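What follows is data32.txt (compact mmCIF, C-alpha atoms).
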# COMPACT_ATOMS: atom_id res chain seq x y z
CA MET C 1133 0.00 0.00 0.00
CA SER C 1134 2.83 2.40 0.81
CA SER C 1135 4.54 1.82 -2.53
CA GLY C 1136 1.28 2.29 -4.41
CA THR C 1137 0.51 5.48 -2.49
CA ASP C 1138 3.96 6.89 -3.20
CA LEU C 1139 3.60 6.07 -6.89
CA ASP C 1140 0.19 7.77 -7.00
CA GLU C 1141 1.66 10.86 -5.37
CA HIS C 1142 4.50 10.99 -7.90
CA LEU C 1143 2.15 10.56 -10.84
CA SER C 1144 -0.21 13.17 -9.42
CA LEU C 1145 2.68 15.60 -9.09
CA LEU C 1146 3.71 15.02 -12.72
CA ARG C 1147 0.11 15.46 -13.86
CA ARG C 1148 -0.07 18.79 -12.07
CA ARG C 1149 3.14 19.95 -13.74
CA TRP C 1150 2.49 18.29 -17.09
CA LEU C 1151 3.08 21.48 -19.04
CA LEU C 1152 6.58 21.90 -17.60
CA LEU C 1153 7.34 18.21 -18.11
CA VAL C 1154 6.15 18.17 -21.72
CA GLY C 1155 8.03 21.38 -22.44
CA CYS C 1156 11.31 19.90 -21.20
CA VAL C 1157 10.77 16.68 -23.18
CA VAL C 1158 10.04 18.61 -26.37
CA PHE C 1159 13.06 20.83 -25.80
CA GLY C 1160 15.29 17.81 -25.17
CA GLY C 1161 14.10 16.08 -28.35
CA THR C 1162 14.59 19.26 -30.38
CA ALA C 1163 18.06 19.77 -28.94
CA GLY C 1164 18.96 16.17 -29.81
CA LEU C 1165 17.81 16.62 -33.42
CA ALA C 1166 19.66 19.93 -33.71
CA LEU C 1167 22.84 18.37 -32.34
CA MET C 1168 22.50 15.51 -34.82
CA ARG C 1169 22.20 17.98 -37.70
CA LEU C 1170 25.28 19.86 -36.50
CA THR C 1171 27.39 16.70 -36.05
CA PRO C 1172 29.36 15.81 -39.22
CA PRO C 1173 28.80 12.27 -40.54
CA SER C 1174 31.36 9.56 -39.84
CA TYR C 1175 32.04 6.44 -41.90
CA THR C 1176 33.62 3.24 -40.62
CA ALA C 1177 35.43 0.75 -42.89
CA THR C 1178 36.66 -2.64 -41.65
CA THR C 1179 39.31 -5.01 -42.99
CA GLN C 1180 39.36 -8.60 -41.73
CA VAL C 1181 42.78 -10.22 -41.32
CA LEU C 1182 43.40 -13.90 -40.61
CA VAL C 1183 46.45 -14.17 -38.37
CA MET C 1184 48.67 -17.26 -38.79
CA PRO C 1185 51.49 -18.54 -36.59
CA VAL C 1186 55.00 -17.70 -37.84
CA GLY C 1187 58.02 -19.88 -37.19
CA SER C 1188 58.07 -23.28 -35.56
CA GLN C 1189 56.76 -21.82 -32.29
CA GLU C 1190 56.33 -18.28 -31.15
CA PRO C 1191 58.37 -17.92 -27.96
CA ALA C 1192 56.05 -15.28 -26.50
CA ASN C 1193 52.94 -17.47 -26.87
CA PRO C 1194 53.76 -21.06 -25.86
CA VAL C 1195 50.96 -23.60 -26.04
CA THR C 1196 49.89 -24.53 -22.50
CA SER C 1197 46.88 -26.09 -20.79
CA ARG C 1198 45.38 -22.60 -20.52
CA GLN C 1199 46.20 -21.49 -24.06
CA ARG C 1200 45.46 -24.04 -26.75
CA GLU C 1201 46.56 -21.91 -29.71
CA PRO C 1202 50.08 -20.64 -30.42
CA LEU C 1203 48.57 -17.21 -31.02
CA ASN C 1204 47.46 -14.56 -28.56
CA LEU C 1205 45.02 -12.42 -30.52
CA ASP C 1206 44.76 -9.83 -27.76
CA THR C 1207 48.50 -9.24 -28.06
CA GLU C 1208 48.23 -9.08 -31.85
CA ALA C 1209 45.42 -6.52 -31.54
CA GLN C 1210 47.64 -4.30 -29.43
CA VAL C 1211 50.45 -4.66 -31.98
CA ALA C 1212 48.08 -3.65 -34.78
CA GLN C 1213 47.25 -0.45 -32.86
CA SER C 1214 50.88 0.36 -32.06
CA ALA C 1215 52.75 3.43 -33.22
CA VAL C 1216 55.05 1.31 -35.40
CA VAL C 1217 52.15 0.04 -37.49
CA ALA C 1218 50.58 3.52 -37.61
CA THR C 1219 53.87 4.96 -38.91
CA ARG C 1220 54.06 2.32 -41.64
CA ALA C 1221 50.45 2.98 -42.64
CA ALA C 1222 51.04 6.75 -42.77
CA ARG C 1223 54.11 6.24 -44.90
CA ALA C 1224 52.19 4.00 -47.29
CA LEU C 1225 49.32 6.52 -47.53
CA GLY C 1226 51.59 9.51 -47.82
CA VAL C 1227 49.89 11.38 -44.96
CA GLY C 1228 51.23 12.89 -41.80
CA SER C 1229 48.97 11.14 -39.31
CA PRO C 1230 46.18 8.73 -40.23
CA GLU C 1231 42.93 8.36 -38.33
CA PRO C 1232 43.02 6.25 -35.15
CA VAL C 1233 42.44 2.56 -35.71
CA GLU C 1234 40.23 0.23 -33.70
CA VAL C 1235 41.05 -3.48 -33.61
CA SER C 1236 38.62 -6.07 -32.27
CA VAL C 1237 38.79 -9.85 -31.98
CA PRO C 1238 35.68 -11.96 -32.59
CA PRO C 1239 35.26 -14.70 -29.97
CA ASN C 1240 36.90 -18.07 -30.66
CA SER C 1241 38.63 -16.94 -33.83
CA ALA C 1242 42.06 -16.01 -35.20
CA VAL C 1243 40.71 -12.99 -37.08
CA LEU C 1244 41.37 -9.33 -36.45
CA TRP C 1245 38.83 -6.68 -37.43
CA ILE C 1246 40.82 -3.54 -38.27
CA SER C 1247 38.40 -0.58 -38.42
CA VAL C 1248 39.00 3.07 -39.21
CA THR C 1249 36.42 5.85 -38.79
CA ALA C 1250 36.73 9.01 -40.89
CA SER C 1251 34.57 11.79 -42.24
CA ASP C 1252 35.01 10.44 -45.80
CA ALA C 1253 34.03 6.89 -46.78
CA THR C 1254 36.89 6.48 -49.30
CA VAL C 1255 39.48 7.70 -46.81
CA ALA C 1256 38.18 5.31 -44.14
CA ALA C 1257 38.43 2.32 -46.50
CA ALA C 1258 41.91 3.26 -47.75
CA GLN C 1259 43.30 3.76 -44.26
CA SER C 1260 41.79 0.50 -43.01
CA ARG C 1261 43.49 -1.40 -45.85
CA ALA C 1262 46.75 0.45 -45.18
CA TYR C 1263 46.66 -0.46 -41.49
CA ALA C 1264 46.03 -4.12 -42.33
CA GLN C 1265 48.88 -4.24 -44.83
CA ALA C 1266 51.20 -2.41 -42.46
CA TYR C 1267 50.38 -4.87 -39.69
CA LEU C 1268 51.09 -7.89 -41.90
CA THR C 1269 54.32 -6.37 -43.16
CA ASN C 1270 55.47 -5.55 -39.67
CA ARG C 1271 54.57 -9.03 -38.47
CA ARG C 1272 56.47 -10.64 -41.37
CA GLU C 1273 59.57 -8.51 -40.86
CA SER C 1274 59.50 -9.15 -37.13
CA ALA C 1275 59.24 -12.89 -37.72
CA LEU C 1276 62.09 -12.86 -40.28
CA ALA C 1277 64.26 -10.84 -37.92
CA ALA C 1278 63.56 -13.29 -35.11
CA LEU C 1279 64.41 -16.26 -37.36
CA ALA C 1280 67.62 -14.58 -38.47
CA ASP C 1281 68.65 -14.02 -34.88
CA GLN C 1282 67.92 -17.66 -34.07
CA GLN C 1283 69.94 -18.83 -37.09
CA ARG C 1284 72.90 -16.69 -36.10
CA ALA C 1285 72.75 -17.98 -32.55
CA VAL C 1286 72.56 -21.62 -33.68
CA LEU C 1287 75.34 -21.12 -36.22
CA ALA C 1288 77.60 -19.50 -33.63
CA LYS C 1289 76.95 -22.37 -31.25
CA LEU C 1290 77.64 -24.88 -34.03
CA LYS C 1291 80.98 -23.23 -34.83
CA GLN C 1292 81.88 -23.30 -31.17
CA VAL C 1293 81.10 -27.04 -30.96
CA ASN C 1294 83.08 -27.78 -34.14
CA THR C 1295 86.06 -25.93 -32.71
CA ALA C 1296 85.79 -28.02 -29.55
CA ILE C 1297 85.65 -31.21 -31.67
CA ASP C 1298 88.83 -30.21 -33.51
CA THR C 1299 90.56 -29.59 -30.20
CA VAL C 1300 89.53 -33.02 -28.88
CA ILE C 1301 90.75 -34.74 -32.06
CA LYS C 1302 94.16 -33.09 -31.70
CA GLN C 1303 94.31 -34.23 -28.08
CA LEU C 1304 93.57 -37.84 -29.05
CA GLY C 1305 96.68 -37.94 -31.26
CA GLY C 1306 98.97 -37.36 -28.28
CA LEU C 1307 97.29 -39.75 -25.84
CA ALA C 1308 98.12 -43.42 -25.29
CA LYS C 1309 95.45 -45.77 -26.47
CA PHE C 1310 93.42 -47.65 -23.92
CA GLY C 1311 94.45 -45.15 -21.26
CA PRO C 1312 91.92 -43.38 -19.04
CA GLU C 1313 92.64 -39.98 -20.58
CA HIS C 1314 92.15 -41.39 -24.06
CA ALA C 1315 88.73 -42.85 -23.01
CA ILE C 1316 87.63 -39.52 -21.55
CA ALA C 1317 88.62 -37.70 -24.72
CA LEU C 1318 86.68 -40.19 -26.83
CA GLN C 1319 83.62 -39.74 -24.63
CA ARG C 1320 83.86 -35.96 -24.97
CA GLN C 1321 84.24 -36.24 -28.72
CA SER C 1322 81.07 -38.35 -28.90
CA VAL C 1323 79.06 -35.78 -26.91
CA LEU C 1324 80.31 -32.94 -29.06
CA ASN C 1325 79.47 -34.86 -32.22
CA ARG C 1326 75.88 -35.33 -31.02
CA GLN C 1327 75.59 -31.63 -30.17
CA ALA C 1328 76.93 -30.65 -33.54
CA ALA C 1329 74.46 -32.94 -35.30
CA GLY C 1330 71.56 -31.51 -33.33
CA LEU C 1331 72.62 -27.93 -34.01
CA ALA C 1332 73.01 -28.66 -37.68
CA LEU C 1333 69.51 -30.08 -37.87
CA LYS C 1334 68.10 -27.10 -36.02
CA TYR C 1335 69.94 -24.68 -38.29
CA ASP C 1336 68.58 -26.39 -41.37
CA ALA C 1337 65.05 -26.31 -39.90
CA LEU C 1338 65.29 -22.57 -39.23
CA ARG C 1339 66.49 -21.95 -42.78
CA THR C 1340 63.52 -23.81 -44.24
CA VAL C 1341 60.75 -22.22 -42.09
CA ALA C 1342 58.05 -20.57 -44.20
CA VAL C 1343 57.06 -17.19 -42.75
CA THR C 1344 53.35 -16.51 -43.33
CA PRO C 1345 52.15 -13.71 -41.03
CA GLY C 1346 48.54 -13.90 -42.20
CA MET C 1347 46.25 -12.89 -44.98
CA VAL C 1348 43.47 -10.42 -45.69
CA ILE C 1349 40.20 -12.32 -45.95
CA SER C 1350 37.95 -9.25 -46.42
CA GLN C 1351 39.10 -5.97 -47.93
CA ALA C 1352 37.58 -2.77 -46.62
CA ALA C 1353 35.14 -1.13 -49.03
CA PRO C 1354 33.84 2.45 -48.82
CA PRO C 1355 30.68 2.27 -46.66
CA SER C 1356 27.47 3.46 -48.24
CA ALA C 1357 25.93 4.92 -45.05
CA PRO C 1358 27.46 6.75 -42.10
CA VAL C 1359 27.59 5.10 -38.71
CA SER C 1360 27.04 8.41 -36.93
CA PRO C 1361 25.19 10.53 -36.14
CA SER C 1362 22.44 8.05 -35.36
CA LEU C 1363 18.86 9.31 -35.24
CA PRO C 1364 17.67 6.84 -32.55
CA LEU C 1365 20.71 7.60 -30.40
CA TYR C 1366 20.50 11.39 -30.58
CA LEU C 1367 16.71 11.60 -30.43
CA GLY C 1368 16.44 9.01 -27.65
CA THR C 1369 19.18 10.70 -25.63
CA GLY C 1370 17.54 14.10 -26.06
CA LEU C 1371 14.11 12.81 -25.06
CA MET C 1372 15.49 10.97 -22.04
CA ALA C 1373 17.50 14.00 -20.92
CA GLY C 1374 14.42 16.17 -21.37
CA LEU C 1375 12.29 13.71 -19.40
CA LEU C 1376 14.75 13.64 -16.52
CA ALA C 1377 15.14 17.42 -16.55
CA GLY C 1378 11.38 17.87 -16.75
CA ALA C 1379 10.76 15.51 -13.85
CA ALA C 1380 13.41 17.28 -11.77
CA ALA C 1381 11.97 20.70 -12.66
CA ALA C 1382 8.44 19.50 -11.86
CA TYR C 1383 9.53 18.21 -8.46
CA ALA C 1384 11.43 21.41 -7.70
CA ARG C 1385 8.54 23.60 -8.81
CA ASP C 1386 6.06 21.56 -6.79
CA ARG C 1387 8.22 21.69 -3.67
CA LEU C 1388 8.53 25.47 -3.96
CA ASP C 1389 4.78 25.83 -4.46
CA ARG C 1390 3.10 26.06 -1.05
CA ARG C 1391 -0.45 25.71 -2.38
CA LEU C 1392 -2.36 22.73 -1.07
CA ARG C 1393 -3.83 20.68 -3.89
CA THR C 1394 -4.30 17.23 -2.38
CA ALA C 1395 -4.84 15.70 1.03
CA ALA C 1396 -1.28 14.37 0.86
CA ASP C 1397 -0.01 17.94 0.43
CA VAL C 1398 -1.84 18.95 3.61
CA GLU C 1399 -0.20 16.23 5.66
CA ARG C 1400 3.22 16.79 4.08
CA LEU C 1401 3.35 20.57 4.31
CA THR C 1402 1.43 21.18 7.56
CA GLY C 1403 1.78 17.98 9.53
CA LEU C 1404 -1.92 18.00 10.41
CA PRO C 1405 -3.89 14.75 10.23
CA VAL C 1406 -6.51 14.55 7.50
CA LEU C 1407 -9.73 13.12 8.90
CA GLY C 1408 -11.46 13.02 5.55
CA ASP C 1409 -10.98 13.96 1.93
CA LEU C 1410 -14.22 15.15 0.33
CA SER C 1411 -12.82 15.98 -3.08
CA SER C 1412 -14.62 14.57 -6.09
CA PRO C 1413 -15.17 11.78 -6.78
CA ARG C 1414 -16.54 11.03 -3.33
CA GLU C 1415 -16.84 7.43 -2.20
CA PRO C 1416 -20.05 6.32 -0.44
CA GLY C 1417 -19.86 6.17 3.33
CA VAL C 1418 -17.20 8.88 3.64
CA ALA C 1419 -19.61 11.22 5.43
CA HIS C 1420 -20.46 8.69 8.10
CA GLU C 1421 -16.80 7.78 8.64
CA LEU C 1422 -15.86 11.43 8.94
CA ALA C 1423 -18.62 12.08 11.47
CA CYS C 1424 -17.41 9.13 13.55
CA ALA C 1425 -13.83 10.39 13.42
CA VAL C 1426 -14.85 13.90 14.50
CA VAL C 1427 -16.85 12.60 17.48
CA ALA C 1428 -14.05 10.23 18.50
CA THR C 1429 -11.27 12.83 18.38
CA CYS C 1430 -13.05 15.88 19.80
CA PRO C 1431 -12.07 16.23 23.51
CA GLY C 1432 -15.10 18.38 24.46
CA LYS C 1433 -18.62 19.31 23.48
CA ARG C 1434 -17.94 22.47 21.47
CA LEU C 1435 -16.22 22.17 18.12
CA LEU C 1436 -15.01 25.20 16.19
CA VAL C 1437 -15.10 24.68 12.41
CA ARG C 1438 -12.85 27.11 10.59
CA ALA C 1439 -12.90 27.22 6.82
CA LEU C 1440 -9.86 28.25 4.78
CA PRO C 1441 -10.52 30.30 2.73
CA ALA C 1442 -13.31 31.96 4.66
CA ASP C 1443 -15.71 32.05 1.69
CA LEU C 1444 -15.56 28.30 1.13
CA PRO C 1445 -18.91 27.53 2.88
CA ASP C 1446 -20.67 30.21 0.85
CA SER C 1447 -20.36 28.18 -2.32
CA THR C 1448 -22.12 25.11 -0.97
CA ARG C 1449 -24.87 23.47 -2.95
CA ALA C 1450 -25.26 20.41 -0.71
CA ASP C 1451 -28.64 19.14 0.37
CA PRO C 1452 -29.61 19.05 4.06
CA VAL C 1453 -28.30 16.00 5.87
CA ALA C 1454 -29.68 14.76 9.19
CA VAL C 1455 -26.90 13.93 11.66
CA ASN C 1456 -26.97 13.08 15.32
CA LEU C 1457 -23.77 14.29 16.98
CA PRO C 1458 -23.24 15.12 20.67
CA LEU C 1459 -21.39 18.29 19.64
CA THR C 1460 -22.09 21.98 19.47
CA VAL C 1461 -20.62 23.30 16.26
CA LEU C 1462 -19.22 26.84 16.22
CA ASP C 1463 -18.19 28.76 13.13
CA GLY C 1464 -16.29 31.67 14.72
CA SER C 1465 -18.82 34.33 13.74
CA ASP C 1466 -19.57 35.01 17.39
CA VAL C 1467 -16.82 36.71 19.39
CA ARG C 1468 -17.23 34.09 22.14
CA ASP C 1469 -16.63 31.11 19.83
CA LEU C 1470 -12.86 31.15 20.12
CA SER C 1471 -12.92 31.25 23.92
CA ARG C 1472 -15.69 28.65 24.25
CA ALA C 1473 -14.31 26.11 21.77
CA ASP C 1474 -12.91 22.88 23.18
CA ALA C 1475 -11.33 21.88 19.88
CA ALA C 1476 -11.09 23.05 16.30
CA LEU C 1477 -11.57 21.40 12.91
CA LEU C 1478 -10.06 23.01 9.82
CA LEU C 1479 -11.94 22.81 6.55
CA ILE C 1480 -9.40 23.43 3.75
CA GLY C 1481 -10.38 24.23 0.20
CA LEU C 1482 -7.88 22.40 -2.03
CA GLY C 1483 -6.19 24.57 -4.60
CA ARG C 1484 -7.39 27.78 -2.92
CA VAL C 1485 -5.13 28.13 0.11
CA THR C 1486 -1.42 27.82 0.88
CA SER C 1487 0.30 25.97 3.70
CA ASP C 1488 1.57 29.28 5.13
CA ARG C 1489 -2.01 30.48 5.58
CA VAL C 1490 -2.98 27.21 7.24
CA MET C 1491 -0.03 27.40 9.62
CA ALA C 1492 -0.98 30.98 10.52
CA ALA C 1493 -4.45 29.75 11.50
CA VAL C 1494 -2.83 26.92 13.49
CA ARG C 1495 -0.66 29.40 15.40
CA GLN C 1496 -3.66 31.60 16.16
CA LEU C 1497 -5.62 28.68 17.59
CA ASP C 1498 -2.58 27.53 19.55
CA ARG C 1499 -2.22 30.94 21.17
CA HIS C 1500 -5.77 30.52 22.52
CA ASP C 1501 -5.12 26.92 23.64
CA VAL C 1502 -7.58 25.46 21.17
CA PRO C 1503 -6.32 22.04 20.04
CA ILE C 1504 -6.81 21.05 16.40
CA ILE C 1505 -8.25 17.56 16.00
CA GLY C 1506 -7.62 17.40 12.26
CA VAL C 1507 -8.36 18.63 8.79
CA VAL C 1508 -11.14 18.00 6.30
CA THR C 1509 -10.23 18.69 2.68
CA ALA C 1510 -12.77 19.70 0.05
CA THR C 1511 -12.82 21.30 -3.35
CA ASP C 1512 -15.11 24.30 -3.46
CA ALA C 1513 -18.05 23.52 -1.15
CA LEU C 1514 -18.76 22.88 2.47
CA PRO C 1515 -19.26 19.12 2.84
CA SER C 1516 -22.88 18.29 3.51
CA PHE C 1517 -22.08 15.85 6.29
CA VAL C 1518 -20.09 18.26 8.46
CA PRO C 1519 -22.34 19.47 11.33
CA LEU C 1520 -23.29 23.09 10.83
CA LEU C 1521 -23.56 25.84 13.35
CA GLU C 1522 -25.78 25.90 16.41
CA PRO C 1523 -28.72 28.32 16.00
CA ARG C 1524 -28.20 31.29 18.30
CA THR C 1525 -28.57 35.01 18.26
CA HIS C 1526 -25.46 36.73 16.98
CA THR C 1527 -23.91 38.96 19.64
CA PRO C 1528 -21.52 41.55 18.27
CA LEU C 1529 -18.39 42.52 20.13
CA GLY C 1530 -19.61 46.11 20.68
CA LYS C 1531 -22.74 44.95 22.48
CA LEU C 1532 -20.73 42.67 24.78
CA VAL C 1533 -18.36 45.48 25.70
CA ALA C 1534 -21.21 47.93 26.28
CA THR C 1535 -23.27 45.62 28.46
CA GLY C 1536 -20.37 43.91 30.21
CA GLU C 1537 -21.82 40.50 29.43
CA LEU C 1538 -19.21 37.81 29.84
CA GLU C 1539 -21.18 34.55 29.61
CA VAL C 1540 -24.05 33.47 27.43
CA ALA C 1541 -26.05 30.33 28.00
CA GLU C 1542 -24.95 27.56 25.70
CA THR C 1543 -27.37 25.90 23.36
CA THR C 1544 -27.84 22.20 23.11
CA PRO C 1545 -26.43 20.22 20.20
CA MET C 1546 -28.53 19.91 17.09
CA HIS C 1547 -29.80 16.51 16.05
CA ALA C 1548 -30.83 17.61 12.59
CA MET C 1549 -28.40 19.99 10.94
CA HIS C 1550 -28.68 21.58 7.55
CA PRO C 1551 -26.05 23.35 5.40
CA ARG C 1552 -26.28 27.10 5.54
CA ARG C 1553 -26.99 28.69 2.19
CA PRO C 1554 -25.48 31.97 1.04
CA GLY C 1555 -27.56 34.81 2.54
CA GLN C 1556 -29.43 32.46 4.90
CA PRO C 1557 -29.50 33.75 8.52
CA THR C 1558 -27.82 31.61 11.16
Entire entry expressed as structure tokens:
Amino acid sequence: MSSGTDLDEHLSLLRRRWLLLVGCVVFGGTAGLALMRLTPPSYTATTQVLVMPVGSQEPANPVTSRQREPLNLDTEAQVAQSAVVATRAARALGVGSPEPVEVSVPPNSAVLWISVTASDATVAAAQSRAYAQAYLTNRRESALAALADQQRAVLAKLKQVNTAIDTVIKQLGGLAKFGPEHAIALQRQSVLNRQAAGLALKYDALRTVAVTPGMVISQAAPPSAPVSPSLPLYLGTGLMAGLLAGAAAAYARDRLDRRLRTAADVERLTGLPVLGDLSSPREPGVAHELACAVVATCPGKRLLVRALPADLPDSTRADPVAVNLPLTVLDGSDVRDLSRADAALLLIGLGRVTSDRVMAAVRQLDRHDVPIIGVVTATDALPSFVPLLEPRTHTPLGKLVATGELEVAETTPMHAMHPRRPGQPT
């Protein structure tokens, strides 16, 4: 119930400030469309490159239980976006600095998507192809340089082993056969021969490795439509921003407005309990429930009913209603009403009075020690079920002062009470 009530209050607030909300939404949508018209179009071209392993095994990407492929595409994507590849692409295009490149890796694949976004479709396609070619060239040259370094290292090691073999052979000529030193030299010569054979095989394998860095499987073509600005994106963002701004403005405007429009506003802004809400549409049985609440909460026999604004009862068109309440109802027209009242009931016309005016009436009653039992909210008429005033002769203040009369006999409560019409004597 609390969540539903809060939602109803929020929706009611937005309905009250619908003009401000709609204005902000329209402004946001218009601003989004204007920004889209002012934003230059951008075209994105993509080249797809299949990356292949180079060499017998890439040392930086060994195959393990966690990495099944000898390629790390995330690393290759970073290489494709490096400054070295960008410099090669700029040199191939003959430009100072090409557009930034974006490289993505589709899941479970060995393909790189090399995309370039530019204001011209032809330029975007040309730069995407240049980046792809520069990446493959750089990858091939890096692989060839790595193979050359490995070949030089193996060849140097092979020369070193051959030199050691020659030294051992010379030592064997000066050693006695079947001696321990001769056997050790023969054993060393055998080990060196095996090392030399292994190095020779490795050197031959490195010389015969085919270096294939990859291949372009889809060339970038000039796109036919721009990727930005996007109408749904700009319009949706503008409308959403306008909606949020409108809601915030509506809440701020409603919080600054002290006028009481609903029963919830009365409780929120004044802190007074609402005994009944008689705004249209009125549910059946509300009058009886309100009468019961008034009788139960009134601490005495005389109840002062004060209407805010004061002309609210004058617009009543309600039919007479018979009630049976053990209360004497006062309306404040007699100068003795405020001093004789045991409690007060405020009748607030929604949309016609502010919380500041209500609080001023509360302070006035508090100064005279008249407790307020609650509030009844209405639209523009005195509710027909609220007990009306006791019939008595009106005594003006001047007559009381002149005669010195301090007390007047109280009348008994009415059992059949009728709404007072405009111009009808009390």
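If you measure from each of C:Thr1509, C:Ser1350, C:Thr1369, C:Ser1465 to Gly1408 (chain C) using only C-alpha atoms, the closest one turns out to be C:Thr1509.
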Can I get the residues of region 1259-1328 of chain C within 10 Å of region 1230-1245 of chain C, each with the closest pair of atoms and their distance in Å to one decimal, using only C-alpha atoms, sorted chain first then ascending number, as CSV?
residue,atom,partner,partner_atom,distance
C:Gln1259,CA,C:Pro1230,CA,7.0
C:Ser1260,CA,C:Val1233,CA,7.6
C:Ala1262,CA,C:Pro1230,CA,9.7
C:Tyr1263,CA,C:Val1233,CA,7.8
C:Ala1264,CA,C:Trp1245,CA,9.1
- Task: Using all atoms listed in the file, determine which residues lie at most 12 Å from Ser1487 (chain C), disregarding the query and same-chain residues fewer than 5 positions distant; provide the list as a ChimeraX atom specification.
- Result: /C:1387-1395,1397-1404,1440-1441,1480-1482,1492-1494
- Between C:Val1217, C:Ala1166, C:Ala1177, C:Leu1287, which is the closest to Ser1229 (chain C) once you count only C-alpha atoms?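 Ranked by minimum distance to Ser1229 (chain C), first place goes to C:Val1217.
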Kindly list the centre and edge lengths in Å, rounded to one decimal, for the axis-aligned box that covers all listed atoms of region 1493-1497 of chain C plus 8 Å on each of its six sides, as AutoDock Vina command-line options.
--center_x -3.1 --center_y 29.3 --center_z 14.5 --size_x 21.0 --size_y 20.7 --size_z 22.1
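Computed from the coordinates, the CA of Thr1511 (chain C) to CA of Leu1459 (chain C) distance equals 24.7 Å.
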- Near-Ala1328 (chain C) list (10 Å; only C-alpha atoms; drop same-chain fewer than 6 positions) as a ChimeraX atom specification: /C:1289-1294,1297,1322,1334
- Item | Ser1356 (chain C) environment, 12 Å, all atoms listed in the file, sequence neighbours closer than 5 positions dropped, as a ChimeraX atom specification | /C:1173-1177,1252-1254,1256-1257
